[in-house]
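Enquirer: Supplied structure: start33.pdb, PDB, C-alpha atoms and all ligand atoms.
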ATOM      1  CA  MET A   1     -13.938  14.897  -6.809
ATOM      2  CA  ASN A   2     -16.517  12.156  -7.195
ATOM      3  CA  ALA A   3     -15.557   8.558  -7.971
ATOM      4  CA  PRO A   4     -16.174   8.470 -11.767
ATOM      5  CA  LEU A   5     -14.300  11.778 -12.188
ATOM      6  CA  ARG A   6     -11.374  10.457 -10.163
ATOM      7  CA  ALA A   7     -11.258   7.281 -12.206
ATOM      8  CA  ALA A   8     -11.476   9.251 -15.453
ATOM      9  CA  ALA A   9      -8.665  11.573 -14.333
ATOM     10  CA  ASN A  10      -6.405   8.589 -13.659
ATOM     11  CA  LYS A  11      -7.341   6.791 -16.871
ATOM     12  CA  THR A  12      -6.336   9.733 -19.048
ATOM     13  CA  ASP A  13      -2.939   9.930 -17.385
ATOM     14  CA  PRO A  14      -0.490   8.537 -19.994
ATOM     15  CA  ALA A  15       1.987   7.510 -17.281
ATOM     16  CA  LEU A  16      -0.634   5.089 -15.978
ATOM     17  CA  ALA A  17      -1.254   3.371 -19.302
ATOM     18  CA  GLY A  18       0.130  -0.172 -19.432
ATOM     19  CA  SER A  19       2.557  -1.109 -16.700
ATOM     20  CA  VAL A  20       2.869   1.132 -13.692
ATOM     21  CA  LEU A  21       5.656  -0.844 -12.048
ATOM     22  CA  SER A  22       8.437  -2.808 -13.618
ATOM     23  CA  VAL A  23      11.036  -4.541 -11.473
ATOM     24  CA  SER A  24      14.088  -6.229 -12.925
ATOM     25  CA  GLN A  25      16.816  -8.272 -11.293
ATOM     26  CA  LEU A  26      16.025  -6.776  -7.908
ATOM     27  CA  ALA A  27      18.231  -8.161  -5.157
ATOM     28  CA  LYS A  28      18.683  -7.429  -1.472
ATOM     29  CA  SER A  29      21.007  -9.008   1.058
ATOM     30  CA  PHE A  30      21.292  -8.213   4.734
ATOM     31  CA  ASP A  31      24.806  -8.825   6.097
ATOM     32  CA  GLY A  32      25.555 -11.216   3.256
ATOM     33  CA  ARG A  33      22.293 -13.135   3.675
ATOM     34  CA  ILE A  34      20.263 -13.061   0.453
ATOM     35  CA  VAL A  35      16.591 -12.139   0.941
ATOM     36  CA  LEU A  36      15.616 -11.054  -2.593
ATOM     37  CA  ASN A  37      17.516 -12.944  -5.249
ATOM     38  CA  GLY A  38      16.925 -11.221  -8.587
ATOM     39  CA  LEU A  39      13.202 -10.515  -8.925
ATOM     40  CA  ASP A  40      11.550  -9.749 -12.253
ATOM     41  CA  PHE A  41       7.902  -8.755 -12.514
ATOM     42  CA  THR A  42       5.576  -6.062 -13.789
ATOM     43  CA  VAL A  43       2.344  -4.669 -12.398
ATOM     44  CA  LYS A  44      -0.267  -3.262 -14.747
ATOM     45  CA  ALA A  45      -2.050   0.013 -14.071
ATOM     46  CA  GLY A  46      -5.313  -0.312 -12.187
ATOM     47  CA  VAL A  47      -4.684  -3.934 -11.211
ATOM     48  CA  ALA A  48      -4.902  -5.171  -7.598
ATOM     49  CA  THR A  49      -1.911  -7.447  -7.015
ATOM     50  CA  ALA A  50      -1.564  -9.673  -3.954
ATOM     51  CA  LEU A  51       1.976 -10.367  -2.793
ATOM     52  CA  ILE A  52       2.067 -13.669  -0.944
ATOM     53  CA  GLY A  53       4.740 -15.760   0.745
ATOM     54  CA  ALA A  54       5.679 -17.390   4.042
ATOM     55  CA  ASN A  55       6.921 -15.397   7.026
ATOM     56  CA  GLY A  56      10.376 -14.065   6.276
ATOM     57  CA  SER A  57      10.118 -14.604   2.510
ATOM     58  CA  GLY A  58      10.856 -10.919   1.891
ATOM     59  CA  LYS A  59       7.440  -9.402   1.112
ATOM     60  CA  SER A  60       7.876  -6.360   3.362
ATOM     61  CA  THR A  61      11.490  -5.977   2.251
ATOM     62  CA  LEU A  62      10.319  -5.887  -1.370
ATOM     63  CA  MET A  63       7.586  -3.350  -0.603
ATOM     64  CA  LYS A  64      10.052  -1.133   1.259
ATOM     65  CA  CYS A  65      12.576  -1.403  -1.595
ATOM     66  CA  LEU A  66       9.917  -0.081  -4.011
ATOM     67  CA  ILE A  67       9.903   3.268  -2.188
ATOM     68  CA  ARG A  68      13.494   3.010  -0.961
ATOM     69  CA  LEU A  69      12.773   2.759   2.722
ATOM     70  CA  ILE A  70      15.253  -0.080   2.216
ATOM     71  CA  GLU A  71      17.964   0.396  -0.431
ATOM     72  CA  PRO A  72      18.154  -2.631  -2.737
ATOM     73  CA  SER A  73      21.596  -4.178  -3.294
ATOM     74  CA  THR A  74      21.164  -4.264  -7.092
ATOM     75  CA  GLY A  75      18.465  -4.168  -9.756
ATOM     76  CA  ARG A  76      16.114  -1.718 -11.372
ATOM     77  CA  ILE A  77      12.713  -0.352 -10.355
ATOM     78  CA  GLU A  78      10.586   1.699 -12.710
ATOM     79  CA  MET A  79       7.459   3.006 -11.052
ATOM     80  CA  LEU A  80       5.047   5.743 -12.115
ATOM     81  CA  GLY A  81       7.389   6.528 -14.990
ATOM     82  CA  GLN A  82      10.386   7.093 -12.694
ATOM     83  CA  ASP A  83      13.687   5.267 -12.445
ATOM     84  CA  VAL A  84      13.288   4.952  -8.674
ATOM     85  CA  LEU A  85      16.829   3.915  -7.775
ATOM     86  CA  SER A  86      18.397   6.931  -9.426
ATOM     87  CA  LEU A  87      16.131   9.588  -7.895
ATOM     88  CA  SER A  88      17.754  12.487  -6.034
ATOM     89  CA  PRO A  89      16.614  13.058  -2.421
ATOM     90  CA  ARG A  90      14.251  15.754  -3.685
ATOM     91  CA  GLY A  91      12.971  13.571  -6.531
ATOM     92  CA  LEU A  92      12.461  10.743  -4.069
ATOM     93  CA  ARG A  93      10.310  12.954  -1.819
ATOM     94  CA  ALA A  94       8.144  13.974  -4.779
ATOM     95  CA  PHE A  95       7.886  10.335  -5.891
ATOM     96  CA  ARG A  96       6.918   9.084  -2.415
ATOM     97  CA  ALA A  97       4.197  11.723  -2.213
ATOM     98  CA  GLN A  98       2.424   9.860  -5.029
ATOM     99  CA  VAL A  99       2.598   6.494  -3.299
ATOM    100  CA  GLY A 100      -0.007   5.793  -0.629
ATOM    101  CA  VAL A 101       1.196   3.310   1.974
ATOM    102  CA  VAL A 102      -0.839   1.421   4.558
ATOM    103  CA  TRP A 103       1.061  -0.569   7.177
ATOM    104  CA  GLN A 104      -0.103  -3.085   9.736
ATOM    105  CA  LYS A 105       0.735  -0.447  12.360
ATOM    106  CA  HIS A 106      -0.845   2.784  11.271
ATOM    107  CA  ASN A 107       1.217   5.380  13.219
ATOM    108  CA  LEU A 108      -1.681   7.724  13.840
ATOM    109  CA  VAL A 109      -1.267  10.440  16.470
ATOM    110  CA  PRO A 110      -3.435   8.952  19.234
ATOM    111  CA  ARG A 111      -4.293  12.174  21.071
ATOM    112  CA  LEU A 112      -5.456  14.021  17.958
ATOM    113  CA  SER A 113      -8.854  13.780  16.298
ATOM    114  CA  ALA A 114      -9.534  11.530  13.332
ATOM    115  CA  LEU A 115      -9.897  14.654  11.190
ATOM    116  CA  SER A 116      -6.529  16.133  12.245
ATOM    117  CA  ASN A 117      -4.872  12.792  11.509
ATOM    118  CA  VAL A 118      -6.408  12.737   8.034
ATOM    119  CA  VAL A 119      -5.331  16.351   7.435
ATOM    120  CA  HIS A 120      -1.741  15.115   7.985
ATOM    121  CA  GLY A 121      -2.003  13.318   4.650
ATOM    122  CA  VAL A 122      -1.789  16.718   2.953
ATOM    123  CA  GLN A 123       1.816  17.027   4.154
ATOM    124  CA  ALA A 124       2.786  15.321   0.906
ATOM    125  CA  ARG A 125       1.717  18.608  -0.735
ATOM    126  CA  MET A 126       1.880  21.260   1.989
ATOM    127  CA  SER A 127       3.947  21.900   5.141
ATOM    128  CA  GLY A 128       3.626  23.865   8.377
ATOM    129  CA  PRO A 129       0.978  23.967  11.142
ATOM    130  CA  ARG A 130      -1.852  24.264   8.611
ATOM    131  CA  ALA A 131      -1.053  20.696   7.588
ATOM    132  CA  TRP A 132      -1.037  19.533  11.199
ATOM    133  CA  PHE A 133      -4.253  20.603  12.945
ATOM    134  CA  GLN A 134      -7.660  20.445  11.352
ATOM    135  CA  SER A 135      -8.611  23.686  13.157
ATOM    136  CA  LEU A 136      -5.787  25.546  11.344
ATOM    137  CA  ALA A 137      -6.176  23.820   7.985
ATOM    138  CA  PRO A 138      -7.528  25.840   5.037
ATOM    139  CA  ASP A 139     -11.233  25.191   4.388
ATOM    140  CA  THR A 140     -10.501  23.309   1.171
ATOM    141  CA  VAL A 141      -8.107  20.947   2.974
ATOM    142  CA  ARG A 142     -10.555  20.434   5.817
ATOM    143  CA  ALA A 143     -13.364  19.686   3.367
ATOM    144  CA  GLU A 144     -11.204  17.219   1.446
ATOM    145  CA  ALA A 145     -10.189  15.486   4.698
ATOM    146  CA  LEU A 146     -13.854  15.188   5.668
ATOM    147  CA  ASP A 147     -14.593  13.723   2.233
ATOM    148  CA  CYS A 148     -11.816  11.155   2.755
ATOM    149  CA  LEU A 149     -13.247  10.244   6.184
ATOM    150  CA  ASP A 150     -16.657   9.938   4.568
ATOM    151  CA  ARG A 151     -15.242   7.531   1.975
ATOM    152  CA  VAL A 152     -14.063   5.208   4.761
ATOM    153  CA  GLY A 153     -17.413   5.526   6.544
ATOM    154  CA  LEU A 154     -16.192   7.622   9.464
ATOM    155  CA  ALA A 155     -17.459  11.145   8.767
ATOM    156  CA  ASP A 156     -19.463  10.991  11.996
ATOM    157  CA  ARG A 157     -16.286  10.317  14.016
ATOM    158  CA  ALA A 158     -14.299  13.234  12.582
ATOM    159  CA  LEU A 159     -13.755  15.072  15.866
ATOM    160  CA  GLN A 160     -13.241  12.011  18.026
ATOM    161  CA  ARG A 161      -9.720  11.276  19.325
ATOM    162  CA  VAL A 162      -8.296   8.318  17.460
ATOM    163  CA  ASP A 163      -7.271   6.536  20.668
ATOM    164  CA  SER A 164     -10.974   6.225  21.464
ATOM    165  CA  LEU A 165     -11.696   4.403  18.170
ATOM    166  CA  SER A 166     -11.568   0.642  17.614
ATOM    167  CA  GLY A 167      -8.608  -0.975  15.836
ATOM    168  CA  GLY A 168     -10.607  -1.366  12.628
ATOM    169  CA  GLN A 169     -11.769   2.253  12.757
ATOM    170  CA  GLN A 170      -8.187   3.418  13.354
ATOM    171  CA  GLN A 171      -7.018   1.487  10.316
ATOM    172  CA  ARG A 172      -9.789   3.174   8.300
ATOM    173  CA  VAL A 173      -8.584   6.599   9.522
ATOM    174  CA  ALA A 174      -5.102   5.615   8.309
ATOM    175  CA  ILE A 175      -6.614   4.753   4.926
ATOM    176  CA  ALA A 176      -8.398   8.124   4.813
ATOM    177  CA  ARG A 177      -5.069   9.848   5.630
ATOM    178  CA  MET A 178      -3.471   7.936   2.761
ATOM    179  CA  LEU A 179      -6.281   9.015   0.387
ATOM    180  CA  MET A 180      -5.658  12.627   1.402
ATOM    181  CA  GLN A 181      -2.272  12.257  -0.246
ATOM    182  CA  ARG A 182      -4.096  11.750  -3.592
ATOM    183  CA  PRO A 183      -1.906   8.731  -4.333
ATOM    184  CA  ARG A 184      -1.436   7.226  -7.777
ATOM    185  CA  ILE A 185      -0.609   3.799  -6.405
ATOM    186  CA  ILE A 186      -1.333   2.134  -3.056
ATOM    187  CA  LEU A 187       0.987  -0.261  -1.214
ATOM    188  CA  ALA A 188      -0.565  -2.095   1.735
ATOM    189  CA  ASP A 189       1.457  -4.386   4.011
ATOM    190  CA  GLU A 190      -0.894  -6.641   5.996
ATOM    191  CA  PRO A 191      -3.518  -3.964   6.710
ATOM    192  CA  ASP A 192      -5.728  -6.778   8.034
ATOM    193  CA  ALA A 193      -3.153  -8.407  10.318
ATOM    194  CA  SER A 194      -3.914  -7.036  13.755
ATOM    195  CA  LEU A 195      -7.682  -6.924  13.263
ATOM    196  CA  ASP A 196     -10.407  -9.433  14.093
ATOM    197  CA  PRO A 197     -11.629 -11.449  11.073
ATOM    198  CA  GLN A 198     -14.613  -9.209  10.368
ATOM    199  CA  SER A 199     -12.774  -5.886  10.716
ATOM    200  CA  GLY A 200      -9.867  -7.277   8.686
ATOM    201  CA  GLU A 201     -12.200  -8.244   5.881
ATOM    202  CA  GLU A 202     -13.902  -4.830   5.983
ATOM    203  CA  VAL A 203     -10.543  -3.082   5.665
ATOM    204  CA  MET A 204      -9.546  -5.273   2.701
ATOM    205  CA  ARG A 205     -12.906  -4.703   0.988
ATOM    206  CA  LEU A 206     -12.621  -0.968   1.599
ATOM    207  CA  LEU A 207      -9.099  -0.711   0.202
ATOM    208  CA  SER A 208      -9.805  -2.776  -2.893
ATOM    209  CA  GLY A 209     -13.088  -0.902  -3.480
ATOM    210  CA  LEU A 210     -11.443   2.530  -3.157
ATOM    211  CA  ALA A 211      -8.628   1.522  -5.495
ATOM    212  CA  ARG A 212     -11.155   0.266  -8.054
ATOM    213  CA  GLN A 213     -13.321   3.406  -7.796
ATOM    214  CA  ASP A 214     -10.306   5.645  -8.358
ATOM    215  CA  GLY A 215      -8.689   3.424 -11.001
ATOM    216  CA  LEU A 216      -5.617   3.061  -8.765
ATOM    217  CA  THR A 217      -3.057   0.283  -8.781
ATOM    218  CA  LEU A 218      -2.955  -1.648  -5.507
ATOM    219  CA  ILE A 219      -0.242  -3.967  -4.209
ATOM    220  CA  ILE A 220      -1.354  -5.733  -1.091
ATOM    221  CA  ILE A 221       0.226  -8.223   1.294
ATOM    222  CA  SER A 222      -2.014 -10.489   3.327
ATOM    223  CA  HIS A 223      -1.556 -13.866   4.989
ATOM    224  CA  ARG A 224      -5.242 -14.657   4.662
ATOM    225  CA  MET A 225      -5.770 -16.832   1.590
ATOM    226  CA  GLU A 226      -9.436 -15.954   1.337
ATOM    227  CA  HIS A 227      -8.521 -12.254   1.174
ATOM    228  CA  THR A 228      -5.967 -12.907  -1.553
ATOM    229  CA  LEU A 229      -8.571 -14.749  -3.607
ATOM    230  CA  GLU A 230     -11.385 -12.286  -3.030
ATOM    231  CA  PHE A 231      -9.631  -8.943  -3.256
ATOM    232  CA  SER A 232      -6.904  -9.323  -5.880
ATOM    233  CA  ASP A 233      -6.817  -9.540  -9.679
ATOM    234  CA  HIS A 234      -3.321 -10.968  -9.819
ATOM    235  CA  ILE A 235      -1.035 -12.927  -7.487
ATOM    236  CA  LEU A 236       2.735 -12.764  -7.076
ATOM    237  CA  GLY A 237       4.216 -15.490  -4.860
ATOM    238  CA  LEU A 238       7.619 -15.025  -3.257
ATOM    239  CA  GLN A 239       9.715 -18.020  -2.233
ATOM    240  CA  GLN A 240      13.466 -18.477  -1.689
ATOM    241  CA  GLY A 241      14.059 -14.913  -2.820
ATOM    242  CA  LYS A 242      12.355 -15.444  -6.182
ATOM    243  CA  ILE A 243       8.926 -14.838  -7.725
ATOM    244  CA  VAL A 244       7.680 -18.398  -8.219
ATOM    245  CA  MET A 245       4.001 -17.591  -8.798
ATOM    246  CA  ASP A 246       2.847 -14.885 -11.214
ATOM    247  CA  ARG A 247      -0.714 -15.520 -12.313
ATOM    248  CA  PRO A 248      -4.191 -13.968 -12.530
ATOM    249  CA  THR A 249      -6.396 -14.554  -9.493
ATOM    250  CA  PRO A 250      -9.379 -15.759 -11.564
ATOM    251  CA  GLY A 251      -8.675 -19.434 -12.145
ATOM    252  CA  THR A 252      -6.645 -19.727  -8.934
ATOM    253  CA  ASP A 253      -8.180 -21.597  -6.010
ATOM    254  CA  ALA A 254      -7.450 -22.143  -2.337
ATOM    255  CA  ALA A 255      -5.944 -25.603  -3.010
ATOM    256  CA  GLN A 256      -3.342 -24.059  -5.356
ATOM    257  CA  LEU A 257      -2.441 -21.442  -2.753
ATOM    258  CA  ARG A 258      -2.195 -24.120  -0.064
ATOM    259  CA  ARG A 259       0.181 -26.113  -2.278
ATOM    260  CA  PHE A 260       2.269 -22.977  -2.769
ATOM    261  CA  PHE A 261       2.579 -22.563   1.005
ATOM    262  CA  GLU A 262       3.259 -26.285   1.581
ATOM    263  CA  HIS A 263       6.196 -26.279  -0.819
ATOM    264  CA  GLN A 264       8.317 -23.886   1.197
ATOM    265  CA  GLU A 265      11.799 -25.241   1.877
TER
HETATM  266  N1  LIG B   1      16.651  -4.349   8.452
HETATM  267  C1  LIG B   1      16.940  -5.655   8.399
HETATM  268  N2  LIG B   1      18.145  -6.118   8.783
HETATM  269  C2  LIG B   1      18.464  -7.434   8.720
HETATM  270  N3  LIG B   1      17.609  -8.384   8.276
HETATM  271  C3  LIG B   1      16.397  -7.984   7.878
HETATM  272  C4  LIG B   1      15.981  -6.605   7.909
HETATM  273  N4  LIG B   1      14.718  -6.513   7.453
HETATM  274  C5  LIG B   1      14.338  -7.765   7.139
HETATM  275  N5  LIG B   1      15.330  -8.645   7.391
HETATM  276  C6  LIG B   1      15.279 -10.081   7.158
HETATM  277  O1  LIG B   1      14.845 -10.311   5.830
HETATM  278  C7  LIG B   1      13.999 -11.449   5.784
HETATM  279  C8  LIG B   1      12.680 -11.067   5.130
HETATM  280  O2  LIG B   1      11.974 -10.216   6.013
HETATM  281  P1  LIG B   1      10.588  -9.546   5.619
HETATM  282  O3  LIG B   1      10.171  -8.754   6.797
HETATM  283  O4  LIG B   1      10.742  -8.849   4.328
HETATM  284  O5  LIG B   1       9.668 -10.820   5.414
HETATM  285  P2  LIG B   1       8.092 -10.906   5.199
HETATM  286  O6  LIG B   1       7.873 -11.790   4.020
HETATM  287  O7  LIG B   1       7.511  -9.549   5.172
HETATM  288  O8  LIG B   1       7.647 -11.692   6.521
HETATM  289  P3  LIG B   1       6.279 -11.593   7.377
HETATM  290  O9  LIG B   1       5.260 -12.389   6.641
HETATM  291  O10 LIG B   1       6.646 -12.227   8.675
HETATM  292  O11 LIG B   1       5.912 -10.141   7.518
HETATM  293  C9  LIG B   1      13.841 -11.957   7.199
HETATM  294  O12 LIG B   1      14.728 -13.025   7.402
HETATM  295  C10 LIG B   1      14.255 -10.756   8.042
HETATM  296  O13 LIG B   1      14.817 -11.171   9.249
HETATM  297 MG    MG B   2       6.157  -8.535   6.396
END
Go ahead and express the file in the form of structure tokens.
Ligand SMILES: Nc1ncnc2c1ncn2[C@@H]1O[C@H](COP(=O)(O)OP(=O)(O)OP(=O)(O)O)[C@@H](O)[C@H]1O
Ligand SMILES: [Mg+2]
Expert:
Amino acid sequence: MNAPLRAAANKTDPALAGSVLSVSQLAKSFDGRIVLNGLDFTVKAGVATALIGANGSGKSTLMKCLIRLIEPSTGRIEMLGQDVLSLSPRGLRAFRAQVGVVWQKHNLVPRLSALSNVVHGVQARMSGPRAWFQSLAPDTVRAEALDCLDRVGLADRALQRVDSLSGGQQQRVAIARMLMQRPRIILADEPDASLDPQSGEEVMRLLSGLARQDGLTLIIISHRMEHTLEFSDHILGLQQGKIVMDRPTPGTDAAQLRRFFEHQE
């Protein structure tokens, strides 16, 4: 599907009208130590939201709670029209299939080709060996995986083993694998963290551009202030277990972000 068609398909989806994520009174403690202390926020459909905060402020914990890789202690999460915390195991699998996730560590299979790794993204929809090796994948799946690699600028590396690609290229393969899932929302936890400044910026630009082209909601964590300012529409700042900043990115400048980081207790 080309970009305008993809965007149109997402825009006509009633579940994506208005807010796509609504979090209320979300709390998480580890062994009695409070990390998230009653968070309330909403994320609108199609908006790129940056989640910022000092090391240990709970950004990754929050992101993992959204898809229940970590079970929150209390609270409510409504995402993509689902009451996430009351989903059955089967419902949770179907829900997670719609959420594309990009981590700092991409967990690609190093000895397999870029194309086979991207084909793995179809496992959200299909199981068995045909979802594992590009050589066994149905033609339609193979073609879609190649299209995803093309969208991240790596069509010419399709048959190369991923362990022979650079860190930035590997992260782009991970993004292509995530696209193969046909996600309705993308969560990205420091996708730029282990990359050099230029590759990190390319990955951020790619992710925000793909999300915009497809009309997808993006929630992204980055420690780089310039990335937050350039690639987000909205900023949520986490401090002391609470959301203390919730504002549009336009009108926010580096000095305001610096002040936010200086006032950590
Ligand atoms: N599984 C766990 N068990 C116990 N404590 C945990 C667990 N996961 C996270 N924590 C603690 O929760 C706090 C928040 O961690 P989290 O990884 O969410 O922070 P973060 O904002 O993502 O930090 P960073 O910017 O360093 O990635 C930290 O004090 C961490 O030690
Ligand atoms: Mg983290």
Enquirer: For this file, the PyMOL selection byres (((not hetatm)) within 10 of (chain B and resi 1)) selects which residues, as an NGL selection string?
Expert: :A and (28-36 or 51-65 or 69-70 or 104 or 189-190 or 193 or 221-223 or 238-239 or 241)
Enquirer: Decode the PyMOL selection byres (((chain A and resi 109) around 12) and not hetatm) for the given file into explicit residues and return them as a PyMOL selection string.
Expert: chain A and resi 105-108+110-120+132-133+161-164+170+173-174+177
Enquirer: Using the file's own x, y and z axes, so that the box edges lie along x, y and z, what centre and edge lengths in Å (one decimal) does a box around every listed atom of segment 199-211 of chain A get when 4 Å is added on each side? Give it as JSON.
Expert:
{"center_x": -11.3, "center_y": -2.9, "center_z": 2.6, "size_x": 13.3, "size_y": 18.8, "size_z": 24.2}
Enquirer: Suppose a student applies the PyMOL selection byres (((chain A and resi 232-235) around 9) and not hetatm) to this structure; what residues should they get, written as number ranges by chain?
Expert: A: 43, 47-52, 208, 218-220, 227-231, 236-237, 245-250, 252
Enquirer: Between A:Gly121, A:Gly18, A:Gly91, A:Gly168, which residue has the minimum interatomic distance to Gln198 of chain A, considering all atoms listed in the file?
Expert: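 Of A:Gly121, A:Gly18, A:Gly91, A:Gly168, the one nearest Gln198 of chain A is A:Gly168, counting all atoms listed in the file.
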Enquirer: So which residues are close to (-2.2, 9.8, -6.9), meaning at most 8 Å away in the file's coordinates with only C-alpha atoms counted, and can you show them as a ChimeraX atom specification?
Expert: /A:98-100,181-185,216
Enquirer: Show me the residues close to (1.6, -22.6, -0.1) - anything with an atom within 10 Å, counting all atoms listed in the file - and format the list as a JSON list (two decimals) with C-alpha atoms, keeping the file's coordinate frame.
Expert:
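The new file point_35.json reads:
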[["chain", "number", "residue", "atom", "x", "y", "z"],
["A", 52, "ILE", "CA", 2.07, -13.67, -0.94],
["A", 53, "GLY", "CA", 4.74, -15.76, 0.74],
["A", 54, "ALA", "CA", 5.68, -17.39, 4.04],
["A", 225, "MET", "CA", -5.77, -16.83, 1.59],
["A", 237, "GLY", "CA", 4.22, -15.49, -4.86],
["A", 239, "GLN", "CA", 9.72, -18.02, -2.23],
["A", 254, "ALA", "CA", -7.45, -22.14, -2.34],
["A", 255, "ALA", "CA", -5.94, -25.60, -3.01],
["A", 256, "GLN", "CA", -3.34, -24.06, -5.36],
["A", 257, "LEU", "CA", -2.44, -21.44, -2.75],
["A", 258, "ARG", "CA", -2.19, -24.12, -0.06],
["A", 259, "ARG", "CA", 0.18, -26.11, -2.28],
["A", 260, "PHE", "CA", 2.27, -22.98, -2.77],
["A", 261, "PHE", "CA", 2.58, -22.56, 1.00],
["A", 262, "GLU", "CA", 3.26, -26.28, 1.58],
["A", 263, "HIS", "CA", 6.20, -26.28, -0.82],
["A", 264, "GLN", "CA", 8.32, -23.89, 1.20]]
Enquirer: Leaving out Asp156 of chain A and any residue of its chain fewer than 6 positions from it, which residues lie within 10 Å of it when counting all atoms listed in the file, given as a ChimeraX atom specification?
Expert: /A:146,149-150
Enquirer: Interatomic distance between atom CA of Pro129 of chain A and atom CA of Asp147 of chain A?
Expert: 20.7 Å
Enquirer: Val20 of chain A: which residues within 8 Å, counting all atoms listed in the file, same-chain residues fewer than 4 positions away excluded, as a PyMOL selection string?
Expert: chain A and resi 15-16+42-45+78-81+217
Enquirer: Compare A:Gln240, A:Pro89, A:Pro191, A:Leu207 by their minimum atom-to-atom distance to ligand MG 2 (chain B), counting all atoms listed in the file, and give me the closest one.
Expert: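 Of A:Gln240, A:Pro89, A:Pro191, A:Leu207, the one nearest ligand MG 2 (chain B) is A:Pro191, counting all atoms listed in the file.
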Enquirer: Could segment 147-158 of chain A be completed with N, CA and C atoms and returned as a CSV table (one decimal), in the coordinates of the input?
Expert:
chain,number,residue,atom,x,y,z
A,147,ASP,N,-14.2,14.6,3.3
A,147,ASP,CA,-14.6,13.7,2.2
A,147,ASP,C,-13.9,12.4,2.3
A,148,CYS,N,-12.6,12.4,2.6
A,148,CYS,CA,-11.8,11.2,2.8
A,148,CYS,C,-12.4,10.3,3.9
A,149,LEU,N,-12.7,11.0,5.0
A,149,LEU,CA,-13.2,10.2,6.2
A,149,LEU,C,-14.6,9.7,5.8
A,150,ASP,N,-15.4,10.4,5.0
A,150,ASP,CA,-16.7,9.9,4.6
A,150,ASP,C,-16.5,8.7,3.7
A,151,ARG,N,-15.5,8.7,2.9
A,151,ARG,CA,-15.2,7.5,2.0
A,151,ARG,C,-14.9,6.3,2.8
A,152,VAL,N,-14.3,6.4,4.0
A,152,VAL,CA,-14.1,5.2,4.8
A,152,VAL,C,-15.2,5.0,5.8
A,153,GLY,N,-16.2,5.7,5.7
A,153,GLY,CA,-17.4,5.5,6.5
A,153,GLY,C,-17.3,6.1,7.9
A,154,LEU,N,-16.4,7.1,8.1
A,154,LEU,CA,-16.2,7.6,9.5
A,154,LEU,C,-16.4,9.1,9.6
A,155,ALA,N,-17.2,9.7,8.7
A,155,ALA,CA,-17.5,11.1,8.8
A,155,ALA,C,-18.0,11.5,10.1
A,156,ASP,N,-18.8,10.7,10.7
A,156,ASP,CA,-19.5,11.0,12.0
A,156,ASP,C,-18.5,10.9,13.2
A,157,ARG,N,-17.3,10.4,12.9
A,157,ARG,CA,-16.3,10.3,14.0
A,157,ARG,C,-15.2,11.3,13.9
A,158,ALA,N,-15.4,12.3,13.0
A,158,ALA,CA,-14.3,13.2,12.6
A,158,ALA,C,-13.6,13.9,13.8
